[in-house]
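Novice: Got protein.pdb for you, PDB, C-alpha atoms and all ligand atoms:
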```
ATOM      1  CA  MET A  11     118.363 111.429  83.118  1.00  0.00           C
ATOM      2  CA  SER A  12     117.881 108.445  85.441  1.00  0.00           C
ATOM      3  CA  GLU A  13     114.998 105.975  84.998  1.00  0.00           C
ATOM      4  CA  PRO A  14     111.868 106.417  87.179  1.00  0.00           C
ATOM      5  CA  ARG A  15     112.045 104.107  90.182  1.00  0.00           C
ATOM      6  CA  THR A  16     109.212 101.850  91.299  1.00  0.00           C
ATOM      7  CA  VAL A  17     108.876 101.235  95.044  1.00  0.00           C
ATOM      8  CA  ILE A  18     106.946  98.307  96.509  1.00  0.00           C
ATOM      9  CA  THR A  19     105.781  97.777 100.070  1.00  0.00           C
ATOM     10  CA  PHE A  20     103.505  95.351 101.890  1.00  0.00           C
ATOM     11  CA  GLY A  21     101.172  95.333 104.868  1.00  0.00           C
ATOM     12  CA  THR A  22      97.748  94.522 106.245  1.00  0.00           C
ATOM     13  CA  PHE A  23      96.817  98.186 106.802  1.00  0.00           C
ATOM     14  CA  ASP A  24      93.813  97.199 108.927  1.00  0.00           C
ATOM     15  CA  VAL A  25      92.092  99.995 110.905  1.00  0.00           C
ATOM     16  CA  PHE A  26      94.129 102.539 108.944  1.00  0.00           C
ATOM     17  CA  HIS A  27      96.207 104.824 111.190  1.00  0.00           C
ATOM     18  CA  VAL A  28      98.879 107.519 110.967  1.00  0.00           C
ATOM     19  CA  GLY A  29     101.745 104.989 111.261  1.00  0.00           C
ATOM     20  CA  HIS A  30     100.463 103.400 108.047  1.00  0.00           C
ATOM     21  CA  LEU A  31     100.167 106.789 106.360  1.00  0.00           C
ATOM     22  CA  ARG A  32     103.707 107.835 107.276  1.00  0.00           C
ATOM     23  CA  MET A  33     105.125 104.532 106.042  1.00  0.00           C
ATOM     24  CA  ILE A  34     103.329 104.943 102.701  1.00  0.00           C
ATOM     25  CA  GLU A  35     104.392 108.581 102.323  1.00  0.00           C
ATOM     26  CA  ARG A  36     108.033 107.790 103.092  1.00  0.00           C
ATOM     27  CA  ALA A  37     108.025 104.756 100.798  1.00  0.00           C
ATOM     28  CA  ALA A  38     106.606 106.897  97.979  1.00  0.00           C
ATOM     29  CA  GLY A  39     109.375 109.435  98.571  1.00  0.00           C
ATOM     30  CA  LEU A  40     111.985 106.845  97.601  1.00  0.00           C
ATOM     31  CA  GLY A  41     110.832 106.683  93.984  1.00  0.00           C
ATOM     32  CA  GLU A  42     108.431 107.908  91.336  1.00  0.00           C
ATOM     33  CA  ARG A  43     105.833 105.117  91.520  1.00  0.00           C
ATOM     34  CA  LEU A  44     104.525 103.259  94.601  1.00  0.00           C
ATOM     35  CA  VAL A  45     102.830  99.860  94.442  1.00  0.00           C
ATOM     36  CA  VAL A  46     101.371  98.390  97.648  1.00  0.00           C
ATOM     37  CA  GLY A  47     100.685  94.728  98.383  1.00  0.00           C
ATOM     38  CA  VAL A  48      97.753  94.501 100.797  1.00  0.00           C
ATOM     39  CA  SER A  49      97.672  91.263 102.792  1.00  0.00           C
ATOM     40  CA  ALA A  50      94.776  88.955 101.965  1.00  0.00           C
ATOM     41  CA  ASP A  51      92.310  88.131 104.748  1.00  0.00           C
ATOM     42  CA  ALA A  52      93.434  84.481 104.743  1.00  0.00           C
ATOM     43  CA  LEU A  53      97.087  85.523 105.024  1.00  0.00           C
ATOM     44  CA  ASN A  54      96.237  87.759 107.979  1.00  0.00           C
ATOM     45  CA  VAL A  55      94.515  84.881 109.761  1.00  0.00           C
ATOM     46  CA  ARG A  56      97.600  82.699 109.202  1.00  0.00           C
ATOM     47  CA  LYS A  57     100.029  85.479 110.192  1.00  0.00           C
ATOM     48  CA  LYS A  58      98.249  87.206 113.089  1.00  0.00           C
ATOM     49  CA  GLY A  59      95.666  84.628 114.122  1.00  0.00           C
ATOM     50  CA  ARG A  60      92.646  86.878 113.565  1.00  0.00           C
ATOM     51  CA  GLU A  61      90.342  88.147 110.847  1.00  0.00           C
ATOM     52  CA  PRO A  62      91.060  91.765 109.966  1.00  0.00           C
ATOM     53  CA  VAL A  63      88.420  94.296 111.069  1.00  0.00           C
ATOM     54  CA  PHE A  64      88.140  95.517 107.471  1.00  0.00           C
ATOM     55  CA  SER A  65      87.941  93.044 104.598  1.00  0.00           C
ATOM     56  CA  GLU A  66      90.663  92.804 101.965  1.00  0.00           C
ATOM     57  CA  GLN A  67      88.412  94.594  99.444  1.00  0.00           C
ATOM     58  CA  GLU A  68      87.851  97.470 101.889  1.00  0.00           C
ATOM     59  CA  ARG A  69      91.560  97.688 102.763  1.00  0.00           C
ATOM     60  CA  LEU A  70      92.516  97.617  99.069  1.00  0.00           C
ATOM     61  CA  ALA A  71      90.040 100.440  98.364  1.00  0.00           C
ATOM     62  CA  ILE A  72      91.429 102.602 101.194  1.00  0.00           C
ATOM     63  CA  ILE A  73      95.060 102.148 100.141  1.00  0.00           C
ATOM     64  CA  ALA A  74      94.270 102.643  96.435  1.00  0.00           C
ATOM     65  CA  ALA A  75      92.595 105.975  97.239  1.00  0.00           C
ATOM     66  CA  LEU A  76      95.719 107.460  98.852  1.00  0.00           C
ATOM     67  CA  ARG A  77      97.473 110.137  96.806  1.00  0.00           C
ATOM     68  CA  PRO A  78     101.009 108.646  97.062  1.00  0.00           C
ATOM     69  CA  VAL A  79      99.790 105.205  95.903  1.00  0.00           C
ATOM     70  CA  ASP A  80      99.887 104.365  92.191  1.00  0.00           C
ATOM     71  CA  GLY A  81      98.765 100.736  92.355  1.00  0.00           C
ATOM     72  CA  VAL A  82      97.575  98.026  94.742  1.00  0.00           C
ATOM     73  CA  PHE A  83      97.335  94.251  94.645  1.00  0.00           C
ATOM     74  CA  LEU A  84      96.412  91.467  97.027  1.00  0.00           C
ATOM     75  CA  GLU A  85      99.366  89.786  98.765  1.00  0.00           C
ATOM     76  CA  GLU A  86      98.341  86.142  98.966  1.00  0.00           C
ATOM     77  CA  SER A  87     101.511  84.707 100.527  1.00  0.00           C
ATOM     78  CA  LEU A  88     104.488  86.056 102.473  1.00  0.00           C
ATOM     79  CA  GLU A  89     106.706  83.711 100.490  1.00  0.00           C
ATOM     80  CA  LEU A  90     105.926  85.362  97.129  1.00  0.00           C
ATOM     81  CA  LYS A  91     107.695  88.697  97.684  1.00  0.00           C
ATOM     82  CA  ARG A  92     110.335  87.929  95.062  1.00  0.00           C
ATOM     83  CA  ASP A  93     107.634  87.135  92.474  1.00  0.00           C
ATOM     84  CA  TYR A  94     105.682  90.308  93.268  1.00  0.00           C
ATOM     85  CA  ILE A  95     108.857  92.432  93.021  1.00  0.00           C
ATOM     86  CA  VAL A  96     109.590  91.009  89.574  1.00  0.00           C
ATOM     87  CA  GLU A  97     105.937  91.152  88.428  1.00  0.00           C
ATOM     88  CA  TYR A  98     105.559  94.833  89.355  1.00  0.00           C
ATOM     89  CA  GLY A  99     109.054  95.816  88.198  1.00  0.00           C
ATOM     90  CA  ALA A 100     110.016  97.156  91.627  1.00  0.00           C
ATOM     91  CA  ASP A 101     113.440  98.755  92.065  1.00  0.00           C
ATOM     92  CA  VAL A 102     113.064  99.244  95.833  1.00  0.00           C
ATOM     93  CA  LEU A 103     111.412  97.093  98.517  1.00  0.00           C
ATOM     94  CA  VAL A 104     110.384  99.029 101.628  1.00  0.00           C
ATOM     95  CA  MET A 105     109.598  97.250 104.887  1.00  0.00           C
ATOM     96  CA  GLY A 106     109.183  98.420 108.481  1.00  0.00           C
ATOM     97  CA  ASP A 107     112.268  97.958 110.649  1.00  0.00           C
ATOM     98  CA  ASP A 108     110.450  95.303 112.685  1.00  0.00           C
ATOM     99  CA  TRP A 109     111.503  93.163 109.669  1.00  0.00           C
ATOM    100  CA  ALA A 110     115.117  94.462 109.622  1.00  0.00           C
ATOM    101  CA  GLY A 111     117.413  92.017 107.839  1.00  0.00           C
ATOM    102  CA  ARG A 112     114.642  89.546 107.057  1.00  0.00           C
ATOM    103  CA  PHE A 113     114.448  90.389 103.354  1.00  0.00           C
ATOM    104  CA  ASP A 114     118.147  90.935 102.610  1.00  0.00           C
ATOM    105  CA  GLU A 115     118.110  87.839 100.385  1.00  0.00           C
ATOM    106  CA  LEU A 116     116.081  89.894  97.869  1.00  0.00           C
ATOM    107  CA  LYS A 117     118.948  92.349  97.343  1.00  0.00           C
ATOM    108  CA  ASP A 118     119.839  90.507  94.146  1.00  0.00           C
ATOM    109  CA  VAL A 119     116.575  91.723  92.510  1.00  0.00           C
ATOM    110  CA  CYS A 120     116.073  95.177  94.093  1.00  0.00           C
ATOM    111  CA  GLU A 121     117.255  97.592  96.744  1.00  0.00           C
ATOM    112  CA  VAL A 122     115.888  96.663 100.202  1.00  0.00           C
ATOM    113  CA  VAL A 123     115.149  99.505 102.633  1.00  0.00           C
ATOM    114  CA  TYR A 124     113.874  99.177 106.211  1.00  0.00           C
ATOM    115  CA  LEU A 125     112.140 102.290 107.572  1.00  0.00           C
ATOM    116  CA  SER A 126     111.608 102.990 111.253  1.00  0.00           C
ATOM    117  CA  ARG A 127     108.055 102.499 112.498  1.00  0.00           C
ATOM    118  CA  THR A 128     106.052 105.342 114.021  1.00  0.00           C
ATOM    119  CA  PRO A 129     106.318 104.807 117.787  1.00  0.00           C
ATOM    120  CA  ALA A 130     103.441 103.903 120.072  1.00  0.00           C
ATOM    121  CA  ILE A 131     100.728 103.066 117.537  1.00  0.00           C
ATOM    122  CA  SER A 132      99.586  99.805 115.971  1.00  0.00           C
ATOM    123  CA  THR A 133      96.373  98.222 114.754  1.00  0.00           C
ATOM    124  CA  THR A 134      96.549  95.689 117.581  1.00  0.00           C
ATOM    125  CA  ALA A 135      96.871  98.452 120.217  1.00  0.00           C
ATOM    126  CA  LEU A 136      93.994 100.406 118.616  1.00  0.00           C
ATOM    127  CA  ILE A 137      91.692  97.388 118.633  1.00  0.00           C
ATOM    128  CA  GLU A 138      92.494  96.797 122.302  1.00  0.00           C
ATOM    129  CA  LYS A 139      91.960 100.472 123.157  1.00  0.00           C
ATOM    130  CA  ILE A 140      88.633 100.690 121.292  1.00  0.00           C
ATOM    131  CA  SER A 141      87.368  97.467 122.828  1.00  0.00           C
ATOM    132  CA  GLY A 142      88.227  98.765 126.286  1.00  0.00           C
ATOM    133  CA  ASN A 143      91.076  96.380 126.999  1.00  0.00           C
ATOM    134  CA  GLY A 144      93.934  98.782 126.268  1.00  0.00           C
TER
HETATM  135  N1  LIG B 201     103.841 100.702 110.431  1.00  0.00           N
HETATM  136  C1  LIG B 201     104.610 101.797 110.864  1.00  0.00           C
HETATM  137  N2  LIG B 201     104.415 102.312 112.121  1.00  0.00           N
HETATM  138  C2  LIG B 201     103.472 101.780 112.943  1.00  0.00           C
HETATM  139  C3  LIG B 201     102.674 100.688 112.516  1.00  0.00           C
HETATM  140  C4  LIG B 201     102.881 100.166 111.242  1.00  0.00           C
HETATM  141  O1  LIG B 201     105.466 102.275 110.131  1.00  0.00           O
HETATM  142  N3  LIG B 201     103.338 102.294 114.151  1.00  0.00           N
HETATM  143  C5  LIG B 201     104.092 100.153 109.102  1.00  0.00           C
HETATM  144  C6  LIG B 201     104.592  98.714 109.159  1.00  0.00           C
HETATM  145  O2  LIG B 201     105.989  98.679 109.434  1.00  0.00           O
HETATM  146  C7  LIG B 201     104.255  98.240 107.766  1.00  0.00           C
HETATM  147  C8  LIG B 201     102.953  98.992 107.449  1.00  0.00           C
HETATM  148  O3  LIG B 201     102.900 100.102 108.355  1.00  0.00           O
HETATM  149  O4  LIG B 201     105.245  98.667 106.866  1.00  0.00           O
HETATM  150  C9  LIG B 201     101.723  98.100 107.646  1.00  0.00           C
HETATM  151  O5  LIG B 201     101.787  97.550 108.951  1.00  0.00           O
HETATM  152  P1  LIG B 201     100.696  96.600 109.591  1.00  0.00           P
HETATM  153  O6  LIG B 201     101.336  95.358 110.101  1.00  0.00           O
HETATM  154  O7  LIG B 201      99.549  96.459 108.680  1.00  0.00           O
HETATM  155  O8  LIG B 201     100.220  97.528 110.830  1.00  0.00           O
HETATM  156  P2  LIG B 201     100.344  97.379 112.400  1.00  0.00           P
HETATM  157  O9  LIG B 201      99.726  98.587 112.990  1.00  0.00           O
HETATM  158  O10 LIG B 201     101.773  97.077 112.790  1.00  0.00           O
HETATM  159  O11 LIG B 201      99.398  96.126 112.662  1.00  0.00           O
HETATM  160  P3  LIG B 201      99.354  95.023 113.821  1.00  0.00           P
HETATM  161  O12 LIG B 201      99.231  95.707 115.134  1.00  0.00           O
HETATM  162  O13 LIG B 201      98.135  94.214 113.472  1.00  0.00           O
HETATM  163  O14 LIG B 201     100.637  94.208 113.695  1.00  0.00           O
END
```
Now, as a test, write the supplied structure out as structure tokens.
Ligand code: CTP

Specialist:
Amino acid sequence: MSEPRTVITFGTFDVFHVGHLRMIERAAGLGERLVVGVSADALNVRKKGREPVFSEQERLAIIAALRPVDGVFLEESLELKRDYIVEYGADVLVMGDDWAGRFDELKDVCEVVYLSRTPAISTTALIEKISGNG
């Protein structure tokens, strides 16, 4: 019998939407255990230039409550993916295909899989739509 596989994925998951859910469900389908790194508020400000609508503690709580998710942690830096993969014993890294090729250097520690994003939905577009600018 083959060993259970741990899958790891990362994201901000702010203003949770169906694109996030599908990514998490598909990531979970690639193994037996799914661990999700939720981007810290400070990382989001550095990466996207704005505070998330929901705080890191709220976003962690939402992701942790999802049935396909076995564990969550705070992703403090984009540069620490290798460390997180090793720390959580991940066999597979899943990223959206907007990152295609960008994490291939990690193929020496785990399998790297890029999944297609759900079309026509994003947190940024939702915020614009809700605030009347979309
Ligand atoms: N994702 C997806 N399909 C979408 C939006 C996001 O599959 N339509 C995936 C991303 O590829 C990533 C995860 O969901 O693996 C978290 O993405 P995140 O950046 O938090 O969400 P976005 O909606 O893309 O946020 P933003 O608009 O702020 O960039």

Novice: Centre and edge lengths, as lines of an AutoDock Vina configuration file, for the axis-aligned box enclosing every listed atom of ligand LIG 201 (chain B) with 3 Å of padding on each of the six sides, in Å to one decimal?

Specialist:
```
center_x = 102.1
center_y = 98.3
center_z = 111.0
size_x = 13.9
size_y = 14.1
size_z = 14.3
```

Novice: Taking all atoms listed in the file into account, name the residue in A:Arg43, A:Arg36, A:Lys91, A:Lys117 that is nearest to ligand LIG 201 (chain B).

Specialist: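 Closest to ligand LIG 201 (chain B), using all atoms listed in the file: A:Arg36.
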
Novice: Measuring atom to atom with all atoms listed in the file, identify which of A:Ala100, A:Val123, A:Leu53, A:Leu136 is nearest to Ser87 in chain A.

Specialist: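 Of A:Ala100, A:Val123, A:Leu53, A:Leu136, the one nearest Ser87 in chain A is A:Leu53, counting all atoms listed in the file.
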
Novice: Residue by residue, what does the PyMOL selection byres (((chain A and resi 86) around 12) and not hetatm) grab here? Present the result as a PyMOL selection string.

Specialist: chain A and resi 20-22+47-57+66+83-85+87-91+93-94

Novice: Write the selection just made, keeping C-alpha atoms, as an mmCIF file, keeping the file's coordinate frame?

Specialist:
```cif
data_model
loop_
_atom_site.group_PDB
_atom_site.id
_atom_site.type_symbol
_atom_site.label_atom_id
_atom_site.label_comp_id
_atom_site.auth_asym_id
_atom_site.auth_seq_id
_atom_site.Cartn_x
_atom_site.Cartn_y
_atom_site.Cartn_z
ATOM 1 C CA PHE A 20 103.505 95.351 101.890
ATOM 2 C CA GLY A 21 101.172 95.333 104.868
ATOM 3 C CA THR A 22 97.748 94.522 106.245
ATOM 4 C CA GLY A 47 100.685 94.728 98.383
ATOM 5 C CA VAL A 48 97.753 94.501 100.797
ATOM 6 C CA SER A 49 97.672 91.263 102.792
ATOM 7 C CA ALA A 50 94.776 88.955 101.965
ATOM 8 C CA ASP A 51 92.310 88.131 104.748
ATOM 9 C CA ALA A 52 93.434 84.481 104.743
ATOM 10 C CA LEU A 53 97.087 85.523 105.024
ATOM 11 C CA ASN A 54 96.237 87.759 107.979
ATOM 12 C CA VAL A 55 94.515 84.881 109.761
ATOM 13 C CA ARG A 56 97.600 82.699 109.202
ATOM 14 C CA LYS A 57 100.029 85.479 110.192
ATOM 15 C CA GLU A 66 90.663 92.804 101.965
ATOM 16 C CA PHE A 83 97.335 94.251 94.645
ATOM 17 C CA LEU A 84 96.412 91.467 97.027
ATOM 18 C CA GLU A 85 99.366 89.786 98.765
ATOM 19 C CA SER A 87 101.511 84.707 100.527
ATOM 20 C CA LEU A 88 104.488 86.056 102.473
ATOM 21 C CA GLU A 89 106.706 83.711 100.490
ATOM 22 C CA LEU A 90 105.926 85.362 97.129
ATOM 23 C CA LYS A 91 107.695 88.697 97.684
ATOM 24 C CA ASP A 93 107.634 87.135 92.474
ATOM 25 C CA TYR A 94 105.682 90.308 93.268
#
```

Novice: So, counting all atoms listed in the file, which residue among A:Ile95, A:Ala130, A:Cys120, A:Ala37 is closest to Pro78 in chain A?

Specialist: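 Residue with the minimum atom-to-atom distance to Pro78 in chain A: A:Ala37.
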
Novice: One decimal, Å: what's the distance from atom C1 of ligand LIG 201 (chain B) over to CA of Leu116 in chain A, could you say?

Specialist: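 Separating atom C1 of ligand LIG 201 (chain B) from CA of Leu116 in chain A is a distance of 21.0 Å.
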
Novice: Apply the PyMOL selection byres (((not hetatm)) within 9 of (chain B and resi 201)) to the structure shown and report the selected residues as a CSV table (one decimal) with C-alpha atoms, in the coordinates of the input.

Specialist:
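Once everything was written out, this is expr.csv:
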```csv
chain,number,residue,atom,x,y,z
A,19,THR,CA,105.8,97.8,100.1
A,20,PHE,CA,103.5,95.4,101.9
A,21,GLY,CA,101.2,95.3,104.9
A,22,THR,CA,97.7,94.5,106.2
A,23,PHE,CA,96.8,98.2,106.8
A,24,ASP,CA,93.8,97.2,108.9
A,25,VAL,CA,92.1,100.0,110.9
A,26,PHE,CA,94.1,102.5,108.9
A,27,HIS,CA,96.2,104.8,111.2
A,28,VAL,CA,98.9,107.5,111.0
A,29,GLY,CA,101.7,105.0,111.3
A,30,HIS,CA,100.5,103.4,108.0
A,31,LEU,CA,100.2,106.8,106.4
A,32,ARG,CA,103.7,107.8,107.3
A,33,MET,CA,105.1,104.5,106.0
A,34,ILE,CA,103.3,104.9,102.7
A,48,VAL,CA,97.8,94.5,100.8
A,49,SER,CA,97.7,91.3,102.8
A,54,ASN,CA,96.2,87.8,108.0
A,58,LYS,CA,98.2,87.2,113.1
A,62,PRO,CA,91.1,91.8,110.0
A,104,VAL,CA,110.4,99.0,101.6
A,105,MET,CA,109.6,97.2,104.9
A,106,GLY,CA,109.2,98.4,108.5
A,107,ASP,CA,112.3,98.0,110.6
A,108,ASP,CA,110.4,95.3,112.7
A,109,TRP,CA,111.5,93.2,109.7
A,124,TYR,CA,113.9,99.2,106.2
A,125,LEU,CA,112.1,102.3,107.6
A,126,SER,CA,111.6,103.0,111.3
A,127,ARG,CA,108.1,102.5,112.5
A,128,THR,CA,106.1,105.3,114.0
A,129,PRO,CA,106.3,104.8,117.8
A,130,ALA,CA,103.4,103.9,120.1
A,131,ILE,CA,100.7,103.1,117.5
A,132,SER,CA,99.6,99.8,116.0
A,133,THR,CA,96.4,98.2,114.8
A,134,THR,CA,96.5,95.7,117.6
A,135,ALA,CA,96.9,98.5,120.2
A,136,LEU,CA,94.0,100.4,118.6
A,137,ILE,CA,91.7,97.4,118.6
```

Novice: Just how far from CA of Arg69 in chain A is CA of Ile140 in chain A, in Å to one decimal?

Specialist: 19.0 Å

Novice: How many Å lie between CA of Glu115 in chain A and CA of Ala38 in chain A, rounded to one decimal?

Specialist: 22.4 Å

Novice: From the list A:Ser12, A:Gly41, A:Gly81, A:Ile18, which residue is nearest Val96 in chain A when using all atoms listed in the file?

Specialist: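 Among the listed residues, A:Ile18 lies closest to Val96 in chain A.
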